[in-house]
Amino acid sequence: MTWVIVLVKDFDTAKQRLSPALEPAARRELALANAERAIRAGAAVGHVLVVAGSEEAAGLGRRLGAEILLEAEPRGQNPAAAAGIAHALGRGAEAVLLLSSDLPLVTAAALRRVVSAAHAPGPAAVAAAATGRGGTNALFLRPPDALGLHFGDRSLPKFEADAAARGVEFKVVEDPALALDLDEPADLAALAGH
């Protein structure tokens with residue numbers, strides 16, 4: 001079974017880089033709506049585990065029927081993803097789909113396309129590319145520990161190089177529903193264009 005691991009930060013501190021364009025209450029509301037969208041989309045694909053950066057984020061996940069892993073001390077995306085993978089492996093997960101909660105256009109259909117891109121048997125990794133930054137907005141791994149974790153700046157080429165070094169099949173999915181993440185004020189303009 002595929003576990004969908006949704007990485008959800010604390011809503012009060014989310015989206016700081018959008019502060020030139022949005023007031024704190026609007027940033028918080030946007031982060032909450034995006035997290036809910038990601039959890040709902042993930043639930044249509046597999047067993048959802050929310051790695052929550054706050055009790056409030058955990059509460060959202062619980063209300064939506066997700067399993068919760070509350071971070072005692074949030075330390076960023078890679079440690080959150082590692083904790084989620086370890087938890088899923090301990091529960092018998094055969095594959096994971098790591099998913100950012102910052103994707104305003106995410107759909108269940110888009111997540112299914114990522115998972116189905118790994119159709120060949122054996123170890124596989126499928127990455128959903130972020131628009132224009134060399135980033136990775138979703139990452140399917142079979143088995144869950146097939147690659148190391150390289151989220152952050154220019155993560156896509158790092159995942160690709162890691163896969164090549166380990167002999168893991170690697171594919172990149174370019175999907176408009178997964179490409180836009182809300183990090184910079186310009187991303188809000190791109191969202192308005194949809």
# chains A, B, ... in the order shown; residues from 1 in each chain; ligands from 1
>>> select_by_dssp(residues="range 17-193 of chain A", states="alpha helix (DSSP H)", output="compact mmCIF listing (two decimals) with all heavy atoms, in the first residue's frame")
# COMPACT_ATOMS: atom_id res chain seq x y z
N PRO A 24 -0.60 38.68 7.80
CA PRO A 24 -0.49 37.39 8.51
C PRO A 24 -1.78 36.56 8.50
O PRO A 24 -1.72 35.34 8.29
CB PRO A 24 -0.11 37.82 9.93
CG PRO A 24 0.61 39.12 9.75
CD PRO A 24 -0.07 39.79 8.59
N ALA A 25 -2.94 37.19 8.70
CA ALA A 25 -4.19 36.42 8.73
C ALA A 25 -4.48 35.78 7.38
O ALA A 25 -4.94 34.64 7.30
CB ALA A 25 -5.36 37.33 9.14
N ALA A 26 -4.17 36.49 6.30
CA ALA A 26 -4.40 35.95 4.96
C ALA A 26 -3.42 34.82 4.66
O ALA A 26 -3.78 33.82 4.03
CB ALA A 26 -4.27 37.05 3.91
N ARG A 27 -2.17 34.97 5.10
CA ARG A 27 -1.18 33.89 4.90
C ARG A 27 -1.60 32.63 5.64
O ARG A 27 -1.51 31.52 5.13
CB ARG A 27 0.21 34.34 5.37
CG ARG A 27 0.84 35.40 4.51
CD ARG A 27 2.34 35.53 4.75
NE ARG A 27 2.73 35.59 6.14
CZ ARG A 27 2.88 36.73 6.82
NH1 ARG A 27 2.63 37.89 6.25
NH2 ARG A 27 3.29 36.70 8.07
N ARG A 28 -2.08 32.82 6.86
CA ARG A 28 -2.52 31.70 7.69
C ARG A 28 -3.71 30.98 7.02
O ARG A 28 -3.75 29.76 6.94
CB ARG A 28 -2.91 32.24 9.05
CG ARG A 28 -3.50 31.27 10.00
CD ARG A 28 -3.91 32.01 11.30
NE ARG A 28 -4.86 31.24 12.03
CZ ARG A 28 -4.59 30.08 12.61
NH1 ARG A 28 -3.40 29.57 12.53
NH2 ARG A 28 -5.52 29.42 13.25
N GLU A 29 -4.67 31.76 6.55
CA GLU A 29 -5.85 31.19 5.90
C GLU A 29 -5.46 30.41 4.64
O GLU A 29 -5.98 29.33 4.37
CB GLU A 29 -6.81 32.33 5.54
CG GLU A 29 -8.15 31.86 5.02
CD GLU A 29 -9.08 33.05 4.77
OE1 GLU A 29 -9.25 33.88 5.68
OE2 GLU A 29 -9.61 33.13 3.65
N LEU A 30 -4.53 30.97 3.88
CA LEU A 30 -4.05 30.32 2.66
C LEU A 30 -3.34 29.00 3.00
O LEU A 30 -3.58 27.97 2.35
CB LEU A 30 -3.09 31.26 1.93
CG LEU A 30 -2.54 30.78 0.60
CD1 LEU A 30 -3.65 30.59 -0.42
CD2 LEU A 30 -1.52 31.80 0.07
N ALA A 31 -2.48 29.02 4.01
CA ALA A 31 -1.76 27.80 4.41
C ALA A 31 -2.73 26.71 4.86
O ALA A 31 -2.57 25.53 4.53
CB ALA A 31 -0.75 28.13 5.51
N LEU A 32 -3.74 27.11 5.61
CA LEU A 32 -4.74 26.16 6.10
C LEU A 32 -5.53 25.54 4.95
O LEU A 32 -5.71 24.33 4.87
CB LEU A 32 -5.67 26.88 7.07
CG LEU A 32 -6.22 26.07 8.22
CD1 LEU A 32 -6.51 26.96 9.41
CD2 LEU A 32 -7.45 25.31 7.83
N ALA A 33 -5.97 26.39 4.00
CA ALA A 33 -6.74 25.90 2.85
C ALA A 33 -5.90 24.96 1.98
O ALA A 33 -6.39 23.92 1.52
CB ALA A 33 -7.24 27.08 2.02
N ASN A 34 -4.63 25.31 1.76
CA ASN A 34 -3.76 24.46 0.96
C ASN A 34 -3.51 23.12 1.64
O ASN A 34 -3.50 22.07 0.98
CB ASN A 34 -2.42 25.15 0.68
CG ASN A 34 -2.55 26.27 -0.31
OD1 ASN A 34 -3.51 26.35 -1.07
ND2 ASN A 34 -1.57 27.16 -0.32
N ALA A 35 -3.31 23.14 2.95
CA ALA A 35 -3.09 21.89 3.68
C ALA A 35 -4.31 20.99 3.59
O ALA A 35 -4.20 19.78 3.36
CB ALA A 35 -2.74 22.19 5.14
N GLU A 36 -5.49 21.57 3.75
CA GLU A 36 -6.71 20.77 3.64
C GLU A 36 -6.85 20.17 2.25
O GLU A 36 -7.18 18.99 2.10
CB GLU A 36 -7.94 21.63 3.96
CG GLU A 36 -9.24 20.83 3.87
CD GLU A 36 -10.45 21.58 4.38
OE1 GLU A 36 -10.30 22.60 5.09
OE2 GLU A 36 -11.57 21.12 4.05
N ARG A 37 -6.54 20.95 1.22
CA ARG A 37 -6.62 20.46 -0.16
C ARG A 37 -5.66 19.28 -0.36
O ARG A 37 -6.00 18.27 -0.98
CB ARG A 37 -6.29 21.60 -1.12
CG ARG A 37 -6.50 21.25 -2.58
CD ARG A 37 -6.27 22.45 -3.49
NE ARG A 37 -7.30 23.47 -3.30
CZ ARG A 37 -7.12 24.65 -2.71
NH1 ARG A 37 -5.95 24.99 -2.25
NH2 ARG A 37 -8.12 25.50 -2.58
N ALA A 38 -4.43 19.40 0.16
CA ALA A 38 -3.43 18.34 0.00
C ALA A 38 -3.86 17.06 0.72
O ALA A 38 -3.73 15.95 0.18
CB ALA A 38 -2.08 18.82 0.52
N ILE A 39 -4.39 17.20 1.93
CA ILE A 39 -4.80 16.02 2.70
C ILE A 39 -5.97 15.32 2.01
O ILE A 39 -5.99 14.09 1.88
CB ILE A 39 -5.17 16.42 4.15
CG1 ILE A 39 -3.92 16.93 4.89
CG2 ILE A 39 -5.80 15.24 4.89
CD1 ILE A 39 -4.22 17.66 6.18
N ARG A 40 -6.93 16.10 1.54
CA ARG A 40 -8.08 15.50 0.83
C ARG A 40 -7.64 14.79 -0.46
O ARG A 40 -8.12 13.70 -0.77
CB ARG A 40 -9.13 16.57 0.53
CG ARG A 40 -9.89 17.05 1.75
CD ARG A 40 -11.02 18.01 1.36
NE ARG A 40 -11.65 18.61 2.50
CZ ARG A 40 -12.54 18.01 3.29
NH1 ARG A 40 -12.90 16.77 3.04
NH2 ARG A 40 -13.08 18.66 4.31
N ALA A 41 -6.76 15.42 -1.22
CA ALA A 41 -6.27 14.79 -2.46
C ALA A 41 -5.52 13.51 -2.14
O ALA A 41 -5.70 12.47 -2.80
CB ALA A 41 -5.38 15.76 -3.24
N GLY A 42 -4.68 13.56 -1.10
CA GLY A 42 -3.92 12.38 -0.72
C GLY A 42 -4.79 11.22 -0.28
O GLY A 42 -4.49 10.06 -0.57
N ALA A 43 -5.91 11.52 0.39
CA ALA A 43 -6.81 10.47 0.88
C ALA A 43 -7.43 9.68 -0.25
O ALA A 43 -7.84 8.53 -0.06
CB ALA A 43 -7.89 11.09 1.76
N GLU A 55 0.14 21.55 16.86
CA GLU A 55 -1.06 20.85 17.32
C GLU A 55 -2.25 21.22 16.44
O GLU A 55 -3.11 20.39 16.16
CB GLU A 55 -1.34 21.19 18.79
CG GLU A 55 -2.43 20.36 19.42
CD GLU A 55 -2.20 18.85 19.32
OE1 GLU A 55 -1.18 18.36 19.84
OE2 GLU A 55 -3.06 18.16 18.71
N GLU A 56 -2.29 22.47 15.97
CA GLU A 56 -3.40 22.88 15.10
C GLU A 56 -3.35 22.13 13.76
O GLU A 56 -4.39 21.68 13.25
CB GLU A 56 -3.34 24.38 14.85
CG GLU A 56 -4.53 24.87 14.03
CD GLU A 56 -4.47 26.34 13.71
OE1 GLU A 56 -3.37 26.94 13.79
OE2 GLU A 56 -5.52 26.90 13.36
N ALA A 57 -2.15 21.98 13.20
CA ALA A 57 -2.01 21.22 11.95
C ALA A 57 -2.42 19.76 12.18
O ALA A 57 -3.07 19.15 11.33
CB ALA A 57 -0.58 21.31 11.43
N ALA A 58 -2.05 19.22 13.32
CA ALA A 58 -2.46 17.85 13.65
C ALA A 58 -3.97 17.75 13.76
O ALA A 58 -4.58 16.78 13.28
CB ALA A 58 -1.80 17.42 14.97
N GLY A 59 -4.59 18.76 14.36
CA GLY A 59 -6.05 18.77 14.50
C GLY A 59 -6.75 18.77 13.15
O GLY A 59 -7.76 18.08 12.96
N LEU A 60 -6.22 19.54 12.21
CA LEU A 60 -6.79 19.55 10.86
C LEU A 60 -6.71 18.15 10.26
O LEU A 60 -7.69 17.64 9.71
CB LEU A 60 -6.06 20.55 9.97
CG LEU A 60 -6.46 20.53 8.49
CD1 LEU A 60 -7.91 20.99 8.31
CD2 LEU A 60 -5.51 21.37 7.66
N GLY A 61 -5.56 17.54 10.36
CA GLY A 61 -5.39 16.19 9.83
C GLY A 61 -6.35 15.20 10.46
O GLY A 61 -6.96 14.37 9.76
N ARG A 62 -6.51 15.27 11.77
CA ARG A 62 -7.44 14.36 12.47
C ARG A 62 -8.87 14.55 11.96
O ARG A 62 -9.58 13.58 11.73
CB ARG A 62 -7.39 14.61 13.97
CG ARG A 62 -6.21 13.99 14.67
CD ARG A 62 -6.32 14.11 16.20
NE ARG A 62 -5.01 14.00 16.77
CZ ARG A 62 -4.24 15.02 17.15
NH1 ARG A 62 -4.69 16.26 17.03
NH2 ARG A 62 -3.05 14.81 17.64
N ARG A 63 -9.29 15.81 11.82
CA ARG A 63 -10.66 16.08 11.35
C ARG A 63 -10.90 15.51 9.96
O ARG A 63 -12.02 15.16 9.61
CB ARG A 63 -10.93 17.59 11.33
CG ARG A 63 -11.19 18.18 12.70
CD ARG A 63 -11.76 19.58 12.64
NE ARG A 63 -10.94 20.53 11.93
CZ ARG A 63 -9.87 21.16 12.45
NH1 ARG A 63 -9.50 20.90 13.70
NH2 ARG A 63 -9.18 22.04 11.74
N GLN A 77 11.72 20.55 6.31
CA GLN A 77 11.06 19.58 5.46
C GLN A 77 11.75 18.21 5.42
O GLN A 77 11.09 17.18 5.48
CB GLN A 77 10.97 20.16 4.04
CG GLN A 77 10.03 19.41 3.14
CD GLN A 77 9.77 20.15 1.84
OE1 GLN A 77 10.45 21.11 1.50
NE2 GLN A 77 8.78 19.70 1.10
N ASN A 78 13.08 18.20 5.33
CA ASN A 78 13.77 16.90 5.26
C ASN A 78 13.63 16.08 6.54
O ASN A 78 13.30 14.90 6.47
CB ASN A 78 15.23 17.10 4.85
CG ASN A 78 15.35 17.48 3.39
OD1 ASN A 78 14.76 16.85 2.52
ND2 ASN A 78 16.10 18.54 3.11
N PRO A 79 13.83 16.67 7.72
CA PRO A 79 13.60 15.89 8.95
C PRO A 79 12.14 15.44 9.09
O PRO A 79 11.88 14.32 9.55
CB PRO A 79 14.00 16.85 10.08
CG PRO A 79 14.96 17.80 9.45
CD PRO A 79 14.47 17.97 8.03
N ALA A 80 11.18 16.29 8.68
CA ALA A 80 9.77 15.90 8.75
C ALA A 80 9.50 14.73 7.81
O ALA A 80 8.81 13.76 8.18
CB ALA A 80 8.87 17.09 8.37
N ALA A 81 10.05 14.79 6.60
CA ALA A 81 9.87 13.70 5.64
C ALA A 81 10.51 12.42 6.16
O ALA A 81 9.94 11.32 6.04
CB ALA A 81 10.45 14.09 4.29
N ALA A 82 11.71 12.53 6.74
CA ALA A 82 12.40 11.35 7.28
C ALA A 82 11.59 10.70 8.39
O ALA A 82 11.47 9.47 8.46
CB ALA A 82 13.79 11.74 7.78
N ALA A 83 11.01 11.52 9.27
CA ALA A 83 10.19 10.98 10.36
C ALA A 83 8.95 10.27 9.80
O ALA A 83 8.57 9.19 10.26
CB ALA A 83 9.77 12.10 11.31
N GLY A 84 8.33 10.88 8.78
CA GLY A 84 7.17 10.26 8.16
C GLY A 84 7.50 8.93 7.50
O GLY A 84 6.76 7.95 7.63
N ILE A 85 8.62 8.88 6.79
CA ILE A 85 9.04 7.64 6.13
C ILE A 85 9.33 6.56 7.17
O ILE A 85 8.90 5.41 7.01
CB ILE A 85 10.27 7.90 5.23
CG1 ILE A 85 9.86 8.69 3.99
CG2 ILE A 85 10.94 6.58 4.83
CD1 ILE A 85 11.01 9.17 3.14
N ALA A 86 10.04 6.91 8.23
CA ALA A 86 10.36 5.92 9.27
C ALA A 86 9.07 5.37 9.88
O ALA A 86 8.95 4.15 10.11
CB ALA A 86 11.24 6.56 10.35
N HIS A 87 8.10 6.24 10.13
CA HIS A 87 6.82 5.81 10.70
C HIS A 87 6.10 4.87 9.74
O HIS A 87 5.59 3.82 10.13
CB HIS A 87 5.96 7.03 11.01
CG HIS A 87 4.65 6.70 11.66
ND1 HIS A 87 4.52 6.53 13.02
CD2 HIS A 87 3.42 6.49 11.13
CE1 HIS A 87 3.26 6.22 13.30
NE2 HIS A 87 2.57 6.20 12.16
N ALA A 88 6.05 5.26 8.46
CA ALA A 88 5.36 4.44 7.46
C ALA A 88 6.04 3.09 7.28
O ALA A 88 5.37 2.05 7.18
CB ALA A 88 5.30 5.20 6.13
N LEU A 89 7.36 3.08 7.25
CA LEU A 89 8.10 1.82 7.12
C LEU A 89 7.81 0.90 8.31
O LEU A 89 7.62 -0.30 8.14
CB LEU A 89 9.61 2.08 7.04
CG LEU A 89 10.17 2.38 5.66
CD1 LEU A 89 11.62 2.87 5.78
CD2 LEU A 89 10.10 1.15 4.78
N GLY A 90 7.74 1.49 9.49
CA GLY A 90 7.44 0.71 10.69
C GLY A 90 6.05 0.10 10.67
O GLY A 90 5.78 -0.88 11.37
N ALA A 108 -6.42 14.95 -6.64
CA ALA A 108 -6.21 13.50 -6.52
C ALA A 108 -5.76 12.92 -7.84
O ALA A 108 -4.88 12.04 -7.88
CB ALA A 108 -7.50 12.83 -6.04
N ALA A 109 -6.32 13.39 -8.95
CA ALA A 109 -5.94 12.87 -10.27
C ALA A 109 -4.46 13.10 -10.54
O ALA A 109 -3.77 12.23 -11.08
CB ALA A 109 -6.80 13.51 -11.35
N ALA A 110 -3.95 14.27 -10.17
CA ALA A 110 -2.54 14.57 -10.37
C ALA A 110 -1.66 13.64 -9.54
O ALA A 110 -0.63 13.15 -10.02
CB ALA A 110 -2.25 16.03 -10.02
N LEU A 111 -2.06 13.38 -8.31
CA LEU A 111 -1.30 12.47 -7.46
C LEU A 111 -1.32 11.05 -8.02
O LEU A 111 -0.32 10.34 -7.99
CB LEU A 111 -1.84 12.49 -6.03
CG LEU A 111 -1.74 13.84 -5.31
CD1 LEU A 111 -2.26 13.72 -3.88
CD2 LEU A 111 -0.31 14.38 -5.32
N ARG A 112 -2.47 10.64 -8.55
CA ARG A 112 -2.55 9.31 -9.18
C ARG A 112 -1.60 9.21 -10.37
O ARG A 112 -1.00 8.16 -10.61
CB ARG A 112 -3.99 9.01 -9.61
CG ARG A 112 -4.91 8.65 -8.48
CD ARG A 112 -6.25 8.10 -9.01
NE ARG A 112 -7.27 8.23 -8.01
CZ ARG A 112 -8.17 9.21 -7.95
NH1 ARG A 112 -8.21 10.15 -8.87
NH2 ARG A 112 -9.06 9.25 -6.97
N ARG A 113 -1.45 10.30 -11.13
CA ARG A 113 -0.54 10.28 -12.28
C ARG A 113 0.91 10.10 -11.83
O ARG A 113 1.69 9.41 -12.48
CB ARG A 113 -0.68 11.58 -13.09
CG ARG A 113 -1.97 11.63 -13.90
CD ARG A 113 -1.99 12.79 -14.89
NE ARG A 113 -2.14 14.10 -14.28
CZ ARG A 113 -3.31 14.68 -14.01
NH1 ARG A 113 -4.45 14.06 -14.26
NH2 ARG A 113 -3.35 15.89 -13.48
N VAL A 114 1.27 10.69 -10.71
CA VAL A 114 2.63 10.52 -10.18
C VAL A 114 2.85 9.05 -9.80
O VAL A 114 3.84 8.44 -10.18
CB VAL A 114 2.88 11.44 -8.97
CG1 VAL A 114 4.19 11.10 -8.28
CG2 VAL A 114 2.87 12.90 -9.40
N VAL A 115 1.92 8.50 -9.05
CA VAL A 115 2.06 7.10 -8.60
C VAL A 115 2.08 6.14 -9.79
O VAL A 115 2.90 5.22 -9.85
CB VAL A 115 0.93 6.74 -7.61
CG1 VAL A 115 0.95 5.26 -7.28
CG2 VAL A 115 1.06 7.57 -6.33
N SER A 116 1.22 6.37 -10.77
CA SER A 116 1.13 5.44 -11.90
C SER A 116 2.33 5.56 -12.84
O SER A 116 2.59 4.65 -13.63
CB SER A 116 -0.17 5.64 -12.67
OG SER A 116 -0.18 6.90 -13.30
N SER A 155 16.34 20.83 -5.59
CA SER A 155 16.25 19.45 -5.12
C SER A 155 16.08 18.44 -6.25
O SER A 155 16.55 17.30 -6.15
CB SER A 155 15.10 19.29 -4.12
OG SER A 155 13.85 19.60 -4.74
N LEU A 156 15.43 18.84 -7.34
CA LEU A 156 15.14 17.88 -8.42
C LEU A 156 16.42 17.25 -8.98
O LEU A 156 16.51 16.01 -9.06
CB LEU A 156 14.33 18.57 -9.51
CG LEU A 156 13.62 17.65 -10.50
CD1 LEU A 156 12.63 16.73 -9.80
CD2 LEU A 156 12.88 18.49 -11.54
N PRO A 157 17.45 18.03 -9.36
CA PRO A 157 18.67 17.38 -9.84
C PRO A 157 19.37 16.55 -8.77
O PRO A 157 20.04 15.56 -9.09
CB PRO A 157 19.55 18.54 -10.32
CG PRO A 157 18.92 19.78 -9.82
CD PRO A 157 17.50 19.49 -9.51
N LYS A 158 19.21 16.93 -7.51
CA LYS A 158 19.83 16.13 -6.43
C LYS A 158 19.14 14.77 -6.31
O LYS A 158 19.81 13.74 -6.14
CB LYS A 158 19.74 16.90 -5.10
CG LYS A 158 20.58 18.16 -5.07
CD LYS A 158 20.34 18.97 -3.81
CE LYS A 158 21.02 20.31 -3.86
NZ LYS A 158 20.63 21.18 -2.74
N PHE A 159 17.81 14.76 -6.38
CA PHE A 159 17.09 13.47 -6.35
C PHE A 159 17.48 12.62 -7.56
O PHE A 159 17.69 11.41 -7.44
CB PHE A 159 15.58 13.70 -6.33
CG PHE A 159 15.02 14.09 -5.00
CD1 PHE A 159 14.31 15.28 -4.85
CD2 PHE A 159 15.19 13.28 -3.88
CE1 PHE A 159 13.78 15.64 -3.62
CE2 PHE A 159 14.68 13.65 -2.64
CZ PHE A 159 13.97 14.83 -2.51
N GLU A 160 17.59 13.26 -8.72
CA GLU A 160 17.93 12.51 -9.94
C GLU A 160 19.32 11.90 -9.84
O GLU A 160 19.53 10.74 -10.20
CB GLU A 160 17.83 13.43 -11.16
CG GLU A 160 17.97 12.69 -12.46
CD GLU A 160 17.62 13.55 -13.66
OE1 GLU A 160 17.56 14.79 -13.54
OE2 GLU A 160 17.39 12.96 -14.72
N ALA A 161 20.28 12.65 -9.34
CA ALA A 161 21.65 12.14 -9.18
C ALA A 161 21.70 11.01 -8.16
O ALA A 161 22.40 10.01 -8.36
CB ALA A 161 22.59 13.29 -8.77
N ASP A 162 20.95 11.16 -7.08
CA ASP A 162 20.90 10.13 -6.05
C ASP A 162 20.32 8.83 -6.64
O ASP A 162 20.85 7.74 -6.41
CB ASP A 162 20.04 10.62 -4.88
CG ASP A 162 20.12 9.73 -3.65
OD1 ASP A 162 20.87 8.73 -3.64
OD2 ASP A 162 19.42 10.04 -2.67
N ALA A 163 19.26 8.96 -7.43
CA ALA A 163 18.66 7.79 -8.06
C ALA A 163 19.63 7.10 -9.00
O ALA A 163 19.75 5.86 -8.99
CB ALA A 163 17.38 8.19 -8.81
N ALA A 164 20.35 7.88 -9.79
CA ALA A 164 21.34 7.30 -10.71
C ALA A 164 22.42 6.55 -9.94
O ALA A 164 22.83 5.45 -10.33
CB ALA A 164 21.94 8.40 -11.58
N ALA A 165 22.88 7.13 -8.84
CA ALA A 165 23.94 6.50 -8.05
C ALA A 165 23.47 5.20 -7.41
O ALA A 165 24.27 4.28 -7.21
CB ALA A 165 24.43 7.47 -6.96
N ARG A 166 22.18 5.10 -7.11
CA ARG A 166 21.64 3.91 -6.45
C ARG A 166 21.00 2.91 -7.42
O ARG A 166 20.50 1.88 -7.00
CB ARG A 166 20.57 4.32 -5.43
CG ARG A 166 21.11 5.17 -4.29
CD ARG A 166 19.95 5.63 -3.40
NE ARG A 166 20.35 6.59 -2.42
CZ ARG A 166 20.15 6.46 -1.11
NH1 ARG A 166 19.57 5.39 -0.63
NH2 ARG A 166 20.52 7.40 -0.28
N PRO A 176 0.69 20.65 -14.25
CA PRO A 176 0.29 21.98 -13.76
C PRO A 176 -0.37 21.95 -12.39
O PRO A 176 -0.26 22.92 -11.63
CB PRO A 176 -0.70 22.48 -14.82
CG PRO A 176 -0.49 21.62 -16.02
CD PRO A 176 0.10 20.33 -15.55
N ALA A 177 -1.05 20.86 -12.05
CA ALA A 177 -1.72 20.77 -10.75
C ALA A 177 -0.73 20.61 -9.60
O ALA A 177 -1.09 20.82 -8.44
CB ALA A 177 -2.72 19.61 -10.75
N LEU A 178 0.51 20.24 -9.92
CA LEU A 178 1.52 20.02 -8.88
C LEU A 178 2.70 21.00 -9.00
O LEU A 178 3.55 21.03 -8.12
CB LEU A 178 2.05 18.59 -8.96
CG LEU A 178 1.02 17.49 -8.72
CD1 LEU A 178 1.61 16.12 -9.01
CD2 LEU A 178 0.48 17.56 -7.30
N ALA A 179 2.75 21.76 -10.06
CA ALA A 179 3.93 22.59 -10.34
C ALA A 179 3.99 23.86 -9.51
O ALA A 179 5.07 24.34 -9.17
CB ALA A 179 3.99 22.93 -11.82
N PRO A 185 5.84 36.17 -3.63
CA PRO A 185 4.70 36.96 -4.07
C PRO A 185 4.31 36.73 -5.53
O PRO A 185 3.14 36.74 -5.88
CB PRO A 185 5.17 38.41 -3.82
CG PRO A 185 6.07 38.28 -2.64
CD PRO A 185 6.81 36.98 -2.85
N ALA A 186 5.30 36.49 -6.41
CA ALA A 186 5.00 36.25 -7.82
C ALA A 186 4.14 35.00 -8.01
O ALA A 186 3.37 34.90 -8.97
CB ALA A 186 6.29 36.10 -8.62
N ASP A 187 4.23 34.05 -7.08
CA ASP A 187 3.44 32.83 -7.18
C ASP A 187 1.95 33.13 -7.00
O ASP A 187 1.11 32.44 -7.56
CB ASP A 187 3.88 31.80 -6.12
CG ASP A 187 5.32 31.37 -6.31
OD1 ASP A 187 5.81 31.38 -7.45
OD2 ASP A 187 5.97 31.04 -5.30
N LEU A 188 1.64 34.17 -6.23
CA LEU A 188 0.24 34.56 -6.05
C LEU A 188 -0.35 35.06 -7.37
O LEU A 188 -1.50 34.78 -7.70
CB LEU A 188 0.10 35.62 -4.98
CG LEU A 188 0.46 35.18 -3.56
CD1 LEU A 188 0.51 36.38 -2.63
CD2 LEU A 188 -0.52 34.13 -3.06
N ALA A 189 0.47 35.77 -8.14
CA ALA A 189 0.02 36.26 -9.45
C ALA A 189 -0.21 35.07 -10.38
O ALA A 189 -1.18 35.05 -11.14
CB ALA A 189 1.06 37.21 -10.04
N ALA A 190 0.68 34.08 -10.32
CA ALA A 190 0.51 32.88 -11.16
C ALA A 190 -0.77 32.15 -10.78
O ALA A 190 -1.50 31.66 -11.65
CB ALA A 190 1.73 31.97 -11.01
N LEU A 191 -1.06 32.09 -9.49
CA LEU A 191 -2.28 31.44 -9.02
C LEU A 191 -3.51 32.19 -9.52
O LEU A 191 -4.48 31.58 -9.95
CB LEU A 191 -2.29 31.37 -7.50
CG LEU A 191 -3.54 30.76 -6.85
CD1 LEU A 191 -3.77 29.33 -7.32
CD2 LEU A 191 -3.44 30.83 -5.33
N ALA A 192 -3.45 33.51 -9.48
CA ALA A 192 -4.59 34.31 -9.94
C ALA A 192 -4.88 34.09 -11.42
O ALA A 192 -6.01 34.24 -11.87
CB ALA A 192 -4.32 35.79 -9.68
>>> select_by_dssp(residues="range 53-143 of chain A", states="strand (DSSP E)", output="MDAnalysis selection string")
chainID A and resid 67:70 95:100 124:129 136:142
>>> closest_residue(among="A:Leu149, A:Ala52, A:Leu64, A:Met1", to="Ala125 in chain A", atoms="only C-alpha atoms")
A:Leu149
>>> closest_residue(among="A:Ile68, A:Ala130, A:Ala118, A:Leu49", to="Phe170 in chain A", atoms="only C-alpha atoms")
A:Ala118
>>> atom_distance(atom1="CA of Leu99 in chain A", atom2="CA of Val6 in chain A")
4.8 Å
>>> residues_around(residues="Ala95 in chain A", least_positions_apart="2", cutoff="10 Å", atoms="only C-alpha atoms", output="list in words")
Met1, Thr2, Trp3, Val4, Gly46, Ile85, Ala88, Leu89, Gly92, Ala93, Leu97, Leu98, Val115, Pro123, Ala124, Ala125, Phe140, Leu141, Arg142, Pro143, Pro144, Asp145 and Ala146 of chain A
>>> write_last_selection(atoms="N, CA and C atoms", output="compact mmCIF listing (two decimals), in the first residue's frame")
# COMPACT_ATOMS: atom_id res chain seq x y z
N MET A 1 0.83 -1.20 0.00
CA MET A 1 0.00 0.00 0.00
C MET A 1 0.87 1.25 0.00
N THR A 2 0.43 2.26 -0.73
CA THR A 2 1.13 3.55 -0.76
C THR A 2 0.62 4.43 0.39
N TRP A 3 1.55 4.97 1.12
CA TRP A 3 1.24 5.97 2.14
C TRP A 3 1.50 7.35 1.55
N VAL A 4 0.56 8.25 1.70
CA VAL A 4 0.74 9.64 1.28
C VAL A 4 1.11 10.43 2.53
N GLY A 46 -4.15 7.04 -1.18
CA GLY A 46 -3.58 6.05 -0.27
C GLY A 46 -3.87 6.42 1.17
N ILE A 85 8.62 8.88 6.79
CA ILE A 85 9.04 7.64 6.13
C ILE A 85 9.33 6.56 7.17
N ALA A 88 6.05 5.26 8.46
CA ALA A 88 5.36 4.44 7.46
C ALA A 88 6.04 3.09 7.28
N LEU A 89 7.36 3.08 7.25
CA LEU A 89 8.10 1.82 7.12
C LEU A 89 7.81 0.90 8.31
N GLY A 92 4.70 -1.00 7.77
CA GLY A 92 4.62 -1.90 6.63
C GLY A 92 4.39 -1.25 5.28
N ALA A 93 4.60 0.06 5.16
CA ALA A 93 4.40 0.73 3.87
C ALA A 93 5.37 0.17 2.83
N LEU A 97 4.33 8.52 -0.94
CA LEU A 97 4.25 9.72 -1.77
C LEU A 97 4.38 10.89 -0.82
N LEU A 98 5.53 11.56 -0.86
CA LEU A 98 5.78 12.73 -0.03
C LEU A 98 5.18 13.94 -0.72
N VAL A 115 1.92 8.50 -9.05
CA VAL A 115 2.06 7.10 -8.60
C VAL A 115 2.08 6.14 -9.79
N PRO A 123 12.71 -0.91 -7.61
CA PRO A 123 12.84 0.40 -6.98
C PRO A 123 12.56 1.52 -7.98
N ALA A 124 11.81 2.52 -7.52
CA ALA A 124 11.44 3.62 -8.41
C ALA A 124 11.27 4.91 -7.62
N ALA A 125 11.49 6.01 -8.32
CA ALA A 125 11.25 7.34 -7.76
C ALA A 125 10.62 8.18 -8.86
N PHE A 140 7.33 10.34 -5.16
CA PHE A 140 6.92 8.95 -4.92
C PHE A 140 8.18 8.11 -4.80
N LEU A 141 8.25 7.30 -3.76
CA LEU A 141 9.40 6.42 -3.53
C LEU A 141 8.93 5.00 -3.27
N ARG A 142 9.50 4.05 -4.03
CA ARG A 142 9.23 2.63 -3.79
C ARG A 142 10.55 1.88 -3.88
N PRO A 143 11.04 1.32 -2.78
CA PRO A 143 10.50 1.34 -1.43
C PRO A 143 10.62 2.74 -0.81
N PRO A 144 10.02 2.94 0.36
CA PRO A 144 10.00 4.28 0.96
C PRO A 144 11.38 4.90 1.21
N ASP A 145 12.39 4.06 1.37
CA ASP A 145 13.74 4.57 1.62
C ASP A 145 14.63 4.42 0.38
N ALA A 146 14.03 4.45 -0.81
CA ALA A 146 14.78 4.25 -2.05
C ALA A 146 15.84 5.33 -2.28
>>> closest_residue(among="A:Pro104, A:Gly148, A:Gly122, A:Gly134", to="Val168 in chain A", atoms="only C-alpha atoms")
A:Gly122
